[in-house]
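File shown: target_5.txt (compact mmCIF, C-alpha atoms).
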```
# COMPACT_ATOMS: atom_id res chain seq x y z
CA MET Q 258 -150.62 322.08 148.26
CA ASN Q 259 -148.66 320.19 150.90
CA ASP Q 260 -144.98 320.65 151.37
CA GLN Q 261 -144.54 316.95 150.72
CA ILE Q 262 -146.51 315.98 147.65
CA PRO Q 263 -148.37 312.71 148.32
CA ASP Q 264 -147.53 309.69 146.18
CA LEU Q 265 -151.04 309.57 144.75
CA VAL Q 266 -150.81 313.13 143.49
CA LEU Q 267 -147.44 312.44 141.92
CA GLU Q 268 -148.81 309.33 140.26
CA GLN Q 269 -151.74 311.33 138.91
CA TYR Q 270 -149.36 313.97 137.62
CA ARG Q 271 -147.49 311.31 135.67
CA LEU Q 272 -150.77 309.93 134.34
CA HIS Q 273 -151.97 313.42 133.30
CA GLU Q 274 -155.05 313.11 135.48
CA LEU Q 275 -154.63 316.19 137.62
CA PRO Q 276 -156.59 319.40 137.13
CA PRO Q 277 -154.59 321.98 135.11
CA VAL Q 278 -153.96 324.16 138.17
CA ASP Q 279 -152.37 321.33 140.15
CA THR Q 280 -150.43 320.16 137.10
CA ALA Q 281 -148.95 323.63 136.69
CA ALA Q 282 -148.11 323.83 140.39
CA ILE Q 283 -146.25 320.53 140.32
CA ALA Q 284 -144.45 321.42 137.09
CA ASP Q 285 -143.33 324.66 138.72
CA ARG Q 286 -142.21 322.85 141.83
CA LEU Q 287 -140.30 320.29 139.76
CA ARG Q 288 -138.14 323.05 138.33
CA ARG Q 289 -137.08 324.11 141.84
CA ASP Q 290 -137.15 320.88 143.82
CA ALA Q 291 -134.41 318.34 143.14
CA LEU Q 292 -135.90 315.90 145.64
CA LEU Q 293 -139.19 315.89 143.77
CA ARG Q 294 -137.37 315.30 140.49
CA ALA Q 295 -135.62 312.36 142.12
CA ARG Q 296 -138.98 310.94 143.27
CA LEU Q 297 -140.31 311.26 139.75
CA SER Q 298 -137.25 309.54 138.29
CA ALA Q 299 -137.62 306.76 140.85
CA LEU Q 300 -141.20 306.21 139.68
CA ASP Q 301 -140.02 306.02 136.07
CA ALA Q 302 -137.42 303.44 137.03
CA SER Q 303 -140.00 301.54 139.07
CA ASP Q 304 -142.33 301.38 136.05
CA ALA Q 305 -139.60 299.64 134.08
CA THR Q 306 -138.87 297.24 136.95
CA LEU Q 307 -142.51 296.29 137.37
CA HIS Q 308 -143.15 295.82 133.65
CA ASP Q 309 -142.83 292.01 133.72
CA ASP Q 310 -145.04 291.69 136.80
CA VAL Q 311 -147.71 293.85 135.19
CA GLU Q 312 -147.59 291.81 131.98
CA ARG Q 313 -148.05 288.65 134.03
CA ILE Q 314 -151.11 290.15 135.68
CA VAL Q 315 -152.46 291.19 132.27
CA ARG Q 316 -152.09 287.61 131.05
CA HIS Q 317 -153.97 286.35 134.11
CA MET Q 318 -156.71 288.88 133.57
CA LEU Q 319 -157.10 287.94 129.91
CA ALA Q 320 -157.23 284.26 130.82
CA ARG Q 321 -160.16 284.87 133.18
CA PRO Q 322 -163.65 284.34 131.83
CA GLN Q 323 -164.95 287.78 130.97
CA PRO Q 324 -168.23 288.80 132.56
CA HIS Q 325 -170.74 289.69 129.89
CA ARG Q 326 -174.01 291.49 130.05
CA PRO Q 327 -176.87 289.62 128.39
CA ARG Q 328 -179.54 291.70 126.77
CA ALA Q 329 -183.00 291.80 128.27
CA VAL Q 330 -184.51 289.36 125.76
CA ALA Q 331 -181.64 286.94 126.08
CA TRP Q 332 -181.87 287.23 129.85
CA ALA Q 333 -185.58 286.47 129.90
CA LEU Q 334 -185.07 283.55 127.52
CA SER Q 335 -182.27 282.10 129.59
CA VAL Q 336 -184.35 282.39 132.77
CA ALA Q 337 -187.19 280.54 131.07
CA VAL Q 338 -184.86 277.81 129.78
CA ALA Q 339 -183.25 277.46 133.19
CA THR Q 340 -186.63 277.14 134.89
CA VAL Q 341 -187.71 274.38 132.50
CA ALA Q 342 -184.35 272.63 132.89
CA ILE Q 343 -184.60 272.71 136.68
CA ALA Q 344 -188.14 271.36 136.57
CA ILE Q 345 -187.06 268.48 134.29
CA ALA Q 346 -184.02 267.79 136.47
CA VAL Q 347 -186.14 267.62 139.62
CA VAL Q 348 -188.66 265.26 138.02
CA MET Q 349 -186.03 262.96 136.48
CA ARG Q 350 -183.51 263.15 139.35
CA PRO Q 351 -181.71 259.80 139.77
CA ARG Q 352 -181.74 258.42 143.30
CA THR Q 353 -178.00 257.92 143.57
CA LEU Q 354 -175.28 259.78 145.34
CA VAL Q 355 -172.85 261.64 143.15
CA GLY Q 356 -169.16 261.29 144.09
CA PRO Q 357 -166.64 264.09 144.00
CA SER Q 358 -165.63 265.18 140.53
CA ALA Q 359 -162.07 265.44 139.32
CA VAL Q 360 -161.95 269.15 140.10
CA ASP Q 361 -163.20 268.84 143.68
CA ARG Q 362 -160.58 269.48 146.31
CA ILE Q 363 -160.47 269.82 150.04
CA LYS Q 364 -159.50 273.35 150.92
CA GLY Q 365 -156.47 273.54 153.15
CA ALA Q 366 -155.65 269.85 152.90
CA GLU Q 367 -152.32 270.46 151.24
CA ASP Q 368 -149.24 271.89 152.84
CA VAL Q 369 -150.69 271.78 156.33
CA VAL Q 370 -148.74 274.00 158.70
CA ARG Q 371 -148.63 272.74 162.26
CA PRO Q 372 -148.31 274.86 165.37
CA SER Q 373 -144.72 275.10 166.48
CA LEU Q 374 -142.39 276.85 168.87
CA ALA Q 375 -139.09 278.59 168.37
CA LEU Q 376 -136.71 280.12 170.91
CA TYR Q 377 -134.78 283.31 170.26
CA ARG Q 378 -132.09 285.00 172.31
CA ARG Q 379 -131.71 288.76 172.11
CA THR Q 380 -128.33 289.86 170.85
CA VAL Q 381 -126.76 293.27 170.51
CA ASP Q 382 -127.95 293.67 166.93
CA GLY Q 383 -131.19 291.72 166.97
CA SER Q 384 -131.79 288.13 167.93
CA GLU Q 385 -130.58 284.62 167.20
CA ARG Q 386 -132.61 281.46 166.98
CA LEU Q 387 -131.63 278.83 169.52
CA ALA Q 388 -131.22 275.30 168.31
CA ASP Q 389 -132.34 272.30 170.33
CA GLY Q 390 -129.92 271.76 173.23
CA ALA Q 391 -128.47 275.28 173.09
CA VAL Q 392 -127.32 276.63 176.43
CA ALA Q 393 -128.72 279.90 177.76
CA ARG Q 394 -126.67 281.91 180.24
CA PRO Q 395 -127.97 283.80 183.26
CA GLY Q 396 -129.23 287.21 182.15
CA ASP Q 397 -130.06 286.14 178.59
CA MET Q 398 -133.32 287.46 177.30
CA ILE Q 399 -135.15 284.55 175.77
CA ARG Q 400 -138.21 285.04 173.63
CA VAL Q 401 -140.52 282.22 172.74
CA GLY Q 402 -142.11 282.42 169.33
CA TYR Q 403 -145.30 280.48 168.74
CA ARG Q 404 -146.65 279.82 165.26
CA PRO Q 405 -150.37 279.15 165.75
CA ALA Q 406 -150.98 277.93 162.17
CA GLY Q 407 -154.51 279.20 162.23
CA ARG Q 408 -155.44 277.80 165.65
CA ALA Q 409 -157.46 280.03 167.93
CA TYR Q 410 -155.60 279.14 171.12
CA GLY Q 411 -152.31 277.74 172.22
CA ALA Q 412 -150.80 276.88 175.58
CA ILE Q 413 -147.05 276.88 176.14
CA VAL Q 414 -145.81 275.03 179.20
CA SER Q 415 -142.30 275.53 180.48
CA ILE Q 416 -140.56 273.35 183.09
CA ASP Q 417 -137.19 274.33 184.50
CA GLY Q 418 -134.13 272.11 184.65
CA ARG Q 419 -135.14 270.51 187.95
CA GLY Q 420 -138.61 269.83 186.67
CA THR Q 421 -140.20 271.54 189.63
CA SER Q 422 -141.38 274.93 188.43
CA PRO Q 423 -143.95 274.62 185.71
CA SER Q 424 -144.77 277.91 184.03
CA ILE Q 425 -147.58 278.39 181.66
CA CYS Q 426 -148.42 280.89 178.97
CA ARG Q 427 -151.73 280.97 177.21
CA VAL Q 428 -151.43 282.47 173.75
CA THR Q 429 -154.70 283.84 172.52
CA ALA Q 430 -154.03 286.97 170.59
CA ARG Q 431 -151.48 289.08 168.82
CA ALA Q 432 -150.30 290.54 172.09
CA PRO Q 433 -147.27 288.96 173.70
CA CYS Q 434 -147.87 287.19 176.96
CA ARG Q 435 -145.71 286.65 179.99
CA PHE Q 436 -144.74 283.36 181.50
CA SER Q 437 -146.05 282.94 184.96
CA GLN Q 438 -146.08 280.32 187.64
CA ALA Q 439 -149.09 278.11 187.25
CA ARG Q 440 -150.78 275.33 189.05
CA PRO Q 441 -150.55 272.08 187.10
CA CYS Q 442 -154.29 271.85 186.57
CA CYS Q 443 -154.99 275.37 185.33
CA SER Q 444 -153.75 275.03 181.77
CA THR Q 445 -156.08 277.63 180.31
CA ARG Q 446 -155.91 280.22 183.05
CA ARG Q 447 -154.44 283.58 182.07
CA THR Q 448 -152.10 284.56 184.89
CA ASN Q 449 -150.01 287.67 184.76
CA SER Q 450 -149.27 288.33 188.38
CA THR Q 451 -145.86 286.75 188.87
CA THR Q 452 -143.80 287.44 185.82
CA ARG Q 453 -140.74 285.40 185.20
CA ARG Q 454 -137.75 287.59 184.58
CA ASN Q 455 -136.75 288.22 180.96
CA GLY Q 456 -139.17 285.82 179.43
CA ASN Q 457 -142.05 286.52 177.09
CA ALA Q 458 -143.83 284.85 174.24
CA PHE Q 459 -145.38 286.12 171.09
CA THR Q 460 -147.28 284.78 168.15
CA SER Q 461 -146.65 285.32 164.49
CA SER Q 462 -150.21 285.08 163.26
CA PRO Q 463 -152.63 284.80 166.08
CA ALA Q 464 -156.35 284.44 166.15
CA ARG Q 465 -158.80 287.26 166.32
CA ARG Q 466 -158.96 289.15 169.54
CA ARG Q 467 -161.47 288.02 172.09
CA SER Q 468 -162.38 290.96 174.18
CA THR Q 469 -163.14 290.48 177.84
CA SER Q 470 -164.03 294.08 178.54
CA ALA Q 471 -167.42 295.13 179.77
CA SER Q 472 -168.19 296.83 176.51
CA SER Q 473 -168.05 293.55 174.63
CA SER Q 474 -171.02 291.97 176.35
CA ARG Q 475 -172.90 291.91 173.07
CA ARG Q 476 -170.18 289.86 171.46
CA ARG Q 477 -170.05 287.54 174.46
CA ARG Q 478 -173.71 286.80 174.07
CA ARG Q 479 -173.20 285.74 170.50
CA ARG Q 480 -170.14 283.64 171.19
CA PRO Q 481 -170.16 281.24 174.13
CA PRO Q 482 -167.10 281.44 176.40
CA VAL Q 483 -164.43 278.85 175.80
CA VAL Z 284 -168.32 306.88 132.30
CA THR Z 285 -167.45 303.97 130.10
CA ASP Z 286 -169.21 300.61 129.85
CA ASP Z 287 -166.75 298.54 127.85
CA LEU Z 288 -163.73 298.01 130.01
CA ASP Z 289 -160.47 297.23 128.30
CA VAL Z 290 -158.96 295.77 131.44
CA ALA Z 291 -155.73 294.80 129.72
CA ALA Z 292 -155.13 298.39 128.64
CA LEU Z 293 -156.08 299.71 132.06
CA CYS Z 294 -153.81 297.18 133.69
CA ARG Z 295 -150.87 298.17 131.49
CA ARG Z 296 -151.44 301.87 132.15
CA TYR Z 297 -152.26 301.76 135.86
CA GLY Z 298 -150.70 298.43 136.86
CA PRO Z 299 -147.38 299.90 138.00
CA MET Z 300 -149.14 302.47 140.17
CA VAL Z 301 -151.42 299.84 141.71
CA LEU Z 302 -148.56 297.40 142.24
CA ARG Z 303 -146.46 300.09 143.92
CA ARG Z 304 -149.36 300.92 146.19
CA CYS Z 305 -149.84 297.27 147.11
CA CYS Z 306 -146.10 296.85 147.79
CA GLN Z 307 -146.11 299.98 149.93
CA LEU Z 308 -148.96 298.77 152.13
CA LEU Z 309 -148.27 295.04 152.22
CA ARG Z 310 -144.44 295.10 152.21
CA ASN Z 311 -144.41 291.73 150.56
CA ASP Z 312 -143.84 291.41 146.81
CA GLU Z 313 -145.73 288.18 146.36
CA GLU Z 314 -148.78 289.34 148.28
CA ALA Z 315 -148.63 292.65 146.43
CA ARG Z 316 -148.82 290.90 143.06
CA ASP Z 317 -151.85 288.88 144.20
CA ALA Z 318 -153.49 291.97 145.66
CA CYS Z 319 -152.83 293.90 142.45
CA GLN Z 320 -154.60 291.20 140.48
CA ASP Z 321 -157.50 291.37 142.93
CA VAL Z 322 -157.75 295.09 142.28
CA PHE Z 323 -158.24 294.58 138.56
CA VAL Z 324 -160.65 291.71 139.14
CA ARG Z 325 -162.73 294.08 141.25
CA LEU Z 326 -162.53 296.60 138.47
CA LEU Z 327 -163.73 293.97 136.03
CA GLU Z 328 -166.67 293.24 138.29
CA ARG Z 329 -167.66 296.90 138.38
CA ARG Z 330 -168.06 296.90 134.57
CA ARG Z 331 -168.13 300.68 134.38
CA ILE Z 332 -165.79 303.34 135.66
CA ASP Z 333 -165.24 307.05 135.59
CA ALA Z 334 -163.15 307.25 132.43
CA HIS Z 335 -161.63 310.60 133.34
CA HIS Z 336 -159.93 309.64 136.59
CA PRO Z 337 -159.42 305.89 136.85
CA SER Z 338 -156.30 306.46 138.95
CA SER Z 339 -158.33 307.71 141.93
CA LEU Z 340 -160.65 304.75 141.80
CA LEU Z 341 -157.86 302.23 141.37
CA TYR Z 342 -155.80 303.74 144.16
CA ARG Z 343 -158.78 303.56 146.47
CA ILE Z 344 -159.60 299.97 145.51
CA ALA Z 345 -155.94 299.03 145.98
CA THR Z 346 -155.91 300.61 149.43
CA ASN Z 347 -159.05 298.76 150.38
CA VAL Z 348 -157.87 295.41 149.03
CA CYS Z 349 -154.56 295.74 150.87
CA LEU Z 350 -156.22 296.67 154.16
CA ASN Z 351 -158.47 293.64 153.84
CA TRP Z 352 -155.42 291.56 153.05
CA ILE Z 353 -153.65 292.84 156.17
CA ARG Z 354 -156.74 292.19 158.27
CA ASP Z 355 -157.00 288.63 156.97
CA ARG Z 356 -153.34 287.83 157.53
CA GLY Z 357 -154.13 286.81 161.09
CA ARG Z 358 -156.69 284.30 159.89
CA ARG Z 359 -154.45 282.53 157.39
CA PRO Z 360 -151.94 279.88 158.43
CA GLU Z 361 -148.47 281.02 157.50
CA ASP Z 362 -146.15 279.13 155.23
CA ALA Z 363 -143.63 276.80 156.76
CA MET Z 364 -140.67 279.05 155.99
CA ASP Z 365 -142.23 282.01 157.69
CA ASP Z 366 -139.53 284.21 159.14
CA ARG Z 367 -141.95 286.62 160.73
CA LEU Z 368 -141.20 285.14 164.14
CA PHE Z 369 -137.57 286.00 163.70
CA SER Z 370 -138.32 289.59 162.83
CA ILE Z 371 -140.63 289.92 165.83
CA ALA Z 372 -138.00 288.40 168.09
CA ALA Z 373 -135.56 291.09 166.99
CA LEU Z 374 -137.89 293.93 167.93
CA GLU Z 375 -136.96 296.05 170.88
CA GLU Z 376 -140.49 296.06 172.30
CA PRO Z 377 -142.75 293.60 170.44
CA GLY Z 378 -145.63 294.32 172.78
CA GLY Z 379 -146.09 297.92 171.72
CA ARG Z 380 -146.44 297.16 168.05
CA SER Z 381 -148.73 294.22 168.68
CA GLN Z 382 -150.97 296.27 170.92
CA ALA Z 383 -151.16 299.01 168.31
CA ARG Z 384 -152.06 296.47 165.64
CA LEU Z 385 -154.76 295.02 167.87
CA LEU Z 386 -156.18 298.43 168.56
CA LEU Z 387 -156.30 299.31 164.87
CA GLY Z 388 -157.86 295.96 164.00
CA TRP Z 389 -160.53 296.44 166.63
CA LEU Z 390 -161.11 300.01 165.58
CA PHE Z 391 -161.43 299.33 161.88
CA ALA Z 392 -163.76 296.41 162.49
CA ARG Z 393 -166.24 298.85 164.03
CA ARG Z 394 -166.09 301.45 161.28
CA PRO Z 395 -167.02 301.32 157.60
CA GLU Z 396 -164.35 300.36 155.05
CA SER Z 397 -164.48 303.82 153.55
CA SER Z 398 -163.46 305.37 156.90
CA ARG Z 399 -160.49 303.05 157.02
CA THR Z 400 -159.43 304.10 153.53
CA MET Z 401 -159.84 307.77 154.42
CA ALA Z 402 -157.70 307.33 157.52
CA VAL Z 403 -154.91 305.75 155.48
CA LEU Z 404 -155.09 308.41 152.77
CA HIS Z 405 -154.95 311.20 155.33
CA TYR Z 406 -152.71 309.90 158.11
CA VAL Z 407 -150.40 307.59 156.15
CA ASP Z 408 -150.30 309.13 152.68
CA GLY Z 409 -150.48 312.73 153.82
CA LEU Z 410 -153.39 313.83 151.65
CA THR Z 411 -155.17 316.92 152.89
CA LEU Z 412 -158.81 316.69 153.96
CA GLU Z 413 -159.78 318.37 150.69
CA GLN Z 414 -157.79 315.84 148.68
CA VAL Z 415 -159.27 312.92 150.61
CA ALA Z 416 -162.74 314.34 150.07
CA ALA Z 417 -162.11 314.63 146.34
CA GLU Z 418 -160.75 311.08 146.15
CA CYS Z 419 -163.62 309.56 148.09
CA GLY Z 420 -166.42 311.66 146.65
CA LEU Z 421 -167.47 313.12 150.01
CA SER Z 422 -167.63 316.63 151.40
CA VAL Z 423 -164.71 317.90 153.46
CA SER Z 424 -166.91 318.10 156.52
CA GLY Z 425 -168.02 314.51 155.95
CA VAL Z 426 -164.42 313.32 155.86
CA ARG Z 427 -163.56 315.39 158.93
CA LYS Z 428 -166.50 313.90 160.81
CA ARG Z 429 -165.48 310.33 159.97
CA LEU Z 430 -161.88 310.91 161.02
CA THR Z 431 -162.95 312.63 164.21
CA ARG Z 432 -165.06 309.61 165.13
CA LEU Z 433 -162.10 307.33 164.51
CA ARG Z 434 -159.88 309.47 166.73
CA GLU Z 435 -162.52 309.54 169.46
CA ASP Z 436 -162.69 305.75 169.38
CA VAL Z 437 -158.91 305.52 169.74
CA HIS Z 438 -158.90 307.86 172.75
CA ARG Z 439 -161.75 305.96 174.34
```
Rewrite the coordinates I just gave you, this time as structure tokens.
Amino acid sequence: MNDQIPDLVLEQYRLHELPPVDTAAIADRLRRDALLRARLSALDASDATLHDDVERIVRHMLARPQPHRPRAVAWALSVAVATVAIAIAVVMRPRTLVGPSAVDRIKGAEDVVRPSLALYRRTVDGSERLADGAVARPGDMIRVGYRPAGRAYGAIVSIDGRGTSPSICRVTARAPCRFSQARPCCSTRRTNSTTRRNGNAFTSSPARRRSTSASSSRRRRRRPPV
Amino acid sequence: VTDDLDVAALCRRYGPMVLRRCCQLLRNDEEARDACQDVFVRLLERRRIDAHHPSSLLYRIATNVCLNWIRDRGRRPEDAMDDRLFSIAALEEPGGRSQARLLLGWLFARRPESSRTMAVLHYVDGLTLEQVAAECGLSVSGVRKRLTRLREDVHR
């Protein structure tokens, strides 16, 4: 048995689902190991803490329609009835369009989250969010956070105070990207060559990775390039 | 093996273990509660379980559900009050963690779900190969082979 007993094994010990040999080994270890006793006590305390949450889940489970297993005869009968019903429905189908019922809903229509940006400045003990109009000093490390809100791509354009140095960052994946100088017309070009000092961007929930490596040719065939 | 599942009783007995597992992997109480419910729904759909060791099965289902949940996080729009950006901004080197996450996502997408679960049980939870084999109902050599393939993919 390992020096550190895995959580699963400890859980199984508490549930009396371990083989007798392992149960005896853990019981023996418990007598000698204060740390293990503390882990066990923590699990006991956690059980009490989680009691309400578990009861809530039980209520949800009981409220669900229970799947039942029809017997063979009942199954055959129901298939026959369904077949007849479908045949009648097809023959007598009214020629009108049926509108959405009261329970229909459009998935994702509520609480729409829009893509947004946030600026953060590194501090000694973490980072601080910069409000609109906040002043950054020379040497500050500024990070740009982009919330994609489910979008596959995003482009962040940065223009300096004089309005003459547009930088562009194309956010496509979980990996952070660097700001780089960009020509005004190349808004979707990934450029990493000239990195602006102390600036990078990251996403909080980006889209799936799109591989550009040679090994992903199969995937490229399936999905046309954007 | 039992046919008539008393899910309420199973939930009361194993719910805390499953919920702890979900919290451990998801690190988000609300998501953990939803995932825990998913675990018991999956159990309900199975209709029959090994009555002697439900804990193994439930732990494995919970691991699987949580890994799917983590995988799907990137596909779901976040809520408006998401403070994940802030936590990323505070990281010393956000790139390293993101790259690792990408690599794991890519890797696990190429391998069966069971390999993913085995990797978590062995590398994250610290179960021995024998214990993983017992939990997953495979031979030790089978588990070793799957994990070796995963490691080879990472090195490649």
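Separating atom CA of Asn351 of chain Z from atom CA of Glu418 of chain Z is a distance of 19.2 Å.
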Closest of Q:Ala281, Q:Met398, Q:Leu293, Q:Val311 to chain Z, counting only C-alpha atoms, is Q:Val311
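Using all atoms listed in the file, the nearest neighbour of chain Q within the list Z:Arg343, Z:Arg310, Z:His336, Z:Arg331 is Z:His336.
Compared by their closest atoms to chain Q, and using all atoms listed in the file, the residues Z:Val437, Z:Ile353, Z:Ala318, Z:Leu410 rank with Z:Leu410 nearest.
Atom pair atom CA of Arg429 of chain Z / atom CA of Pro277 of chain Q: separated by 29.5 Å.
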Could you work out how far atom CA of Arg295 of chain Z lies from atom CA of Arg316 of chain Z, giving the answer in Å with one decimal?
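So the two atoms, atom CA of Arg316 of chain Z and atom CA of Arg295 of chain Z, lie 13.8 Å apart.
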Go through Z:Asp408, Z:Asp436, Z:Glu413, Z:Glu313 one by one, measure the shortest atom-to-atom distance of each to chain Q using all atoms listed in the file, and give the residue with the smallest value.
Z:Asp408
Find the axis-aligned box for segment 312-317 of chain Z, covering all its listed atoms and adding 5 Å on each side, and write its centre and edge lengths in Å to one decimal as JSON.
```
{"center_x": -147.8, "center_y": 290.4, "center_z": 145.7, "size_x": 18.0, "size_y": 14.5, "size_z": 15.2}
```
For Gln320 of chain Z, the nearest of the candidates Q:His273, Q:Arg286, Q:His308, Q:Arg313, counting all atoms listed in the file:
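Of Q:His273, Q:Arg286, Q:His308, Q:Arg313, the one nearest Gln320 of chain Z, counting all atoms listed in the file, is Q:Arg313.
For the choices Q:Arg394, Q:Gly411, Q:Ile416, Q:Ala320, the atom-to-atom distance to chain Z is smallest for Q:Ala320 when using only C-alpha atoms.
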Residues near Asp389 of chain Q, anyone? I mean within 12 Å using only C-alpha atoms, not counting same-chain ones fewer than 4 positions away, as a list in words.
Leu374, Ala375, Leu376, Tyr377 and Ala393 of chain Q
List the residues sitting within 9 Å of (-154.3, 302.3, 135.7) in the file's frame, using only C-alpha atoms, as a ChimeraX atom specification.
/Q:272 /Z:292-301,337-338,341-342
Ala416 of chain Z surroundings by all atoms listed in the file, 12 Å radius, close-in-sequence under 2 positions cut, as a PyMOL selection string
chain Z and resi 339+397-398+400-402+404-405+410-414+418-430
Find the residues near segment 323-328 of chain Z: any atom within 8 Å, counting all atoms listed in the file, skip ones fewer than 6 places away on the same chain, and give them as number ranges by chain.
Q: 318, 324; Z: 288, 290, 294, 341, 344
